[in-house]
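Undergrad: Have a look at this one before I ask anything.
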Amino acid sequence: MCSKSKNVICGVLFSLSAGILWGIVPIHIKLIQTNDVFEIVAHRALWSSIILLCVCKLSGDLHEILKIFSNWQLTANFLITSSLLTLNWCIYVYAVQTDNVILAAFGYFIYPLSTVLLGVLIVGERLDRWAWVAIGLVFVGVYIKAFEIDGFPWISVLLAGSFSLYTVFRKRMGHDPVQGLCIETIFLLPCSLAFFLYTLSTEESIFFGGGKLNTILAVSLGLITVIPLILFHWGCRLLRVTTASLIFYSNPTTQLLLGVFLFSEAFIRSDLLAFSLIWVGIIVYFFSRPAVKKTSLLNL
């Protein structure tokens with residue numbers, strides 16, 4: 001097998017593993033015995049920061065991170081992306097805790113195309129007619145979902161919107177994703193530590209009530225954040241952008257399957273119609289891209 005084929009296979013495995021690991025995060029959150037969104041996010045930020053600092057130390061990137069903090073403009077930009085990431089984490093944890101995993105999946109199906117739309121609004125990118133058709137299908141899907149539940153699917157839209165804004169900002173900054181996430185979690189450290197100090201002052205355990213299992217669940221929140229990121233980063237290096245983006249859908253697909261079959265959330269005919277429109281929009285967008293037209297499926 002040639003080196004190029006090996007790279008493609010490794011890239012697919014890395015990206016697919018990242019998507020599935022991200023997709024099973026709801027199981028982890030469901031195991032945690034707390035209804036406090038901020039407690040889970042505080043642990044996620046703390047342990048992600050510690051792990052990422054270790055990774056950056058081993059890779060010799062700490063010096064580069066320190067240089068960023070000396071640049072006030074980059075620091076301000078990372079403060080914005082850190083805030084958007086925190087908002088996204090909070091909404092996602094809330095969605096899982098309130099038995100809205102399907103709505104979360106809906107949001108992450110919308111996310112890539114909402115990022116394309118934000119690219120038009122913020123960066124000034126131009127879209128062809130097929131891209132507009134795809135975005136139109138997504139809007140119709142959101143409308144059907146809103147009509148079905150007699151209210152706007154704000155969880156889905158806020159998840160997609162916050163992560164799309166995060167993605168667009170990070171793309172414009174053009175910084176290494178691992179270093180960038182490390183900086184963003186460092187910004188969250190003071191808030192996390194303040195939260196834990198307050199928890200200790202109330203004589204409560206900072207590990208979701210205490211015990212070995214809860215301690216493991218808390219620390220592993222960092223692992224389930226960092227490991228998929230690194231895998232996805234490796235995958236993106238070995239694959240075309242379009243291919244990596246398509247494989248990203250293993251994440252919301254896994255969430256959708258968990259919501260329906262494991263958590264027994266309602267999935268009715270109108271849900272299927274709304275999701276189908278999103279899926280058609282995804283197919284129209286990705287398979288109308290020039291890079292896909294010129295590439296066979298066996299040569300992704």
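Chains: A, B, ... in order of the structure tokens. Residues: from 1 per chain. Ligands: from 1, in order shown.
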So that I can check the surroundings of Thr254 of chain A, please list as an NGL selection string every protein, DNA and RNA residue that reaches within 9 Å of it, counting only C-alpha atoms and ignoring chain neighbours fewer than 3 positions away.

TA: :A and (19-24 or 105 or 249-251 or 257-259)

Undergrad: Neighbours of segment 109-120 of chain A within 8 Å (only C-alpha atoms; same-chain residues fewer than 4 positions away dropped), as a list in words?

TA: Ala105, Gly124, Glu125, Arg126, Leu127, Ala134, Ile135, Val138, Ser156, Val157, Leu159, Ala160, Gly161, Phe163, Ser164, Leu165, Thr167, Val168, Ser245, Tyr249, Pro252, Ile278, Trp279 and Ile282 of chain A

Undergrad: Which residues come within 12 Å of Ile268 of chain A, counting only C-alpha atoms, excluding same-chain residues fewer than 3 positions away, as a list in words?

TA: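 Residues meeting the cut-off are Ile102, Lys145, Glu148, Ile149, Val260, Ser264, Glu265, Asp271, Leu272, Leu273, Ala274 and Phe275 of chain A.
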
Undergrad: Per DSSP on the backbone, what are the alpha helix (DSSP H) residues of segment 59-207 of chain A, as an MDAnalysis selection string?

TA: chainID A and resid 59 62:69 72:97 101:118 129:149 154:173 177:201

Undergrad: Work out how far atom CA of Ile283 of chain A is from atom CA of Trp130 of chain A, in Å to one decimal.

TA: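 Interatomic distance, atom CA of Trp130 of chain A to atom CA of Ile283 of chain A: 10.4 Å.
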
Undergrad: Give me, as JSON lines, the closest atom pair and its distance (Å, one decimal) for every residue of segment 54-107 of chain A within a cut-off of 7 Å of segment 29-49 of chain A, counting only C-alpha atoms, rows sorted by chain and rising number.

TA:
{"residue": "A:Trp89", "atom": "CA", "partner": "A:Val41", "partner_atom": "CA", "distance": 6.6}
{"residue": "A:Cys90", "atom": "CA", "partner": "A:Val37", "partner_atom": "CA", "distance": 6.2}
{"residue": "A:Val93", "atom": "CA", "partner": "A:Val37", "partner_atom": "CA", "distance": 6.1}
{"residue": "A:Tyr94", "atom": "CA", "partner": "A:Val37", "partner_atom": "CA", "distance": 6.1}
{"residue": "A:Gln97", "atom": "CA", "partner": "A:Asn35", "partner_atom": "CA", "distance": 6.8}

Undergrad: Would you write out those residues with C-alpha atoms, as a JSON list (two decimals), in the first residue's frame?

TA:
[["chain", "number", "residue", "atom", "x", "y", "z"],
["A", 89, "TRP", "CA", -19.99, 24.11, 26.58],
["A", 90, "CYS", "CA", -22.64, 25.48, 28.96],
["A", 93, "VAL", "CA", -24.20, 20.40, 29.07],
["A", 94, "TYR", "CA", -27.59, 22.00, 29.73],
["A", 97, "GLN", "CA", -28.97, 17.37, 31.41]]

Undergrad: Can you pull out every residue within 7 Å of segment 62-78 of chain A, counting only C-alpha atoms, but drop anything in the same chain fewer than 3 positions away, and send it as number ranges by chain?

TA: A: 56-57, 81-82, 179, 184

Undergrad: When you count only C-alpha atoms, which of these residues is closest to Ser192 of chain A: A:Ile206, A:Val133, A:Val25, A:Leu158?

TA: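 Closest to Ser192 of chain A of all the choices is A:Ile206.
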
Undergrad: Have a look at atom CA of Phe152 of chain A and atom CA of Trp132 of chain A and let me know their distance in Å, one decimal.

TA: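 For atom CA of Phe152 of chain A relative to atom CA of Trp132 of chain A, the distance reads 22.2 Å.
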
Undergrad: Which of these residues is nearest to Pro177 of chain A, using only C-alpha atoms: A:Val284, A:Ile230, A:Ile27, A:Val101?

TA: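 Between A:Val284, A:Ile230, A:Ile27, A:Val101, the residue approaching Pro177 of chain A most closely is A:Ile230.
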
Undergrad: Quick one: residues within 10 Å of segment 6-18 of chain A, only C-alpha atoms, excluding same-chain residues fewer than 2 positions away - as a ChimeraX atom specification?

TA: /A:1-4,20-23,224-240,243-251,298-300
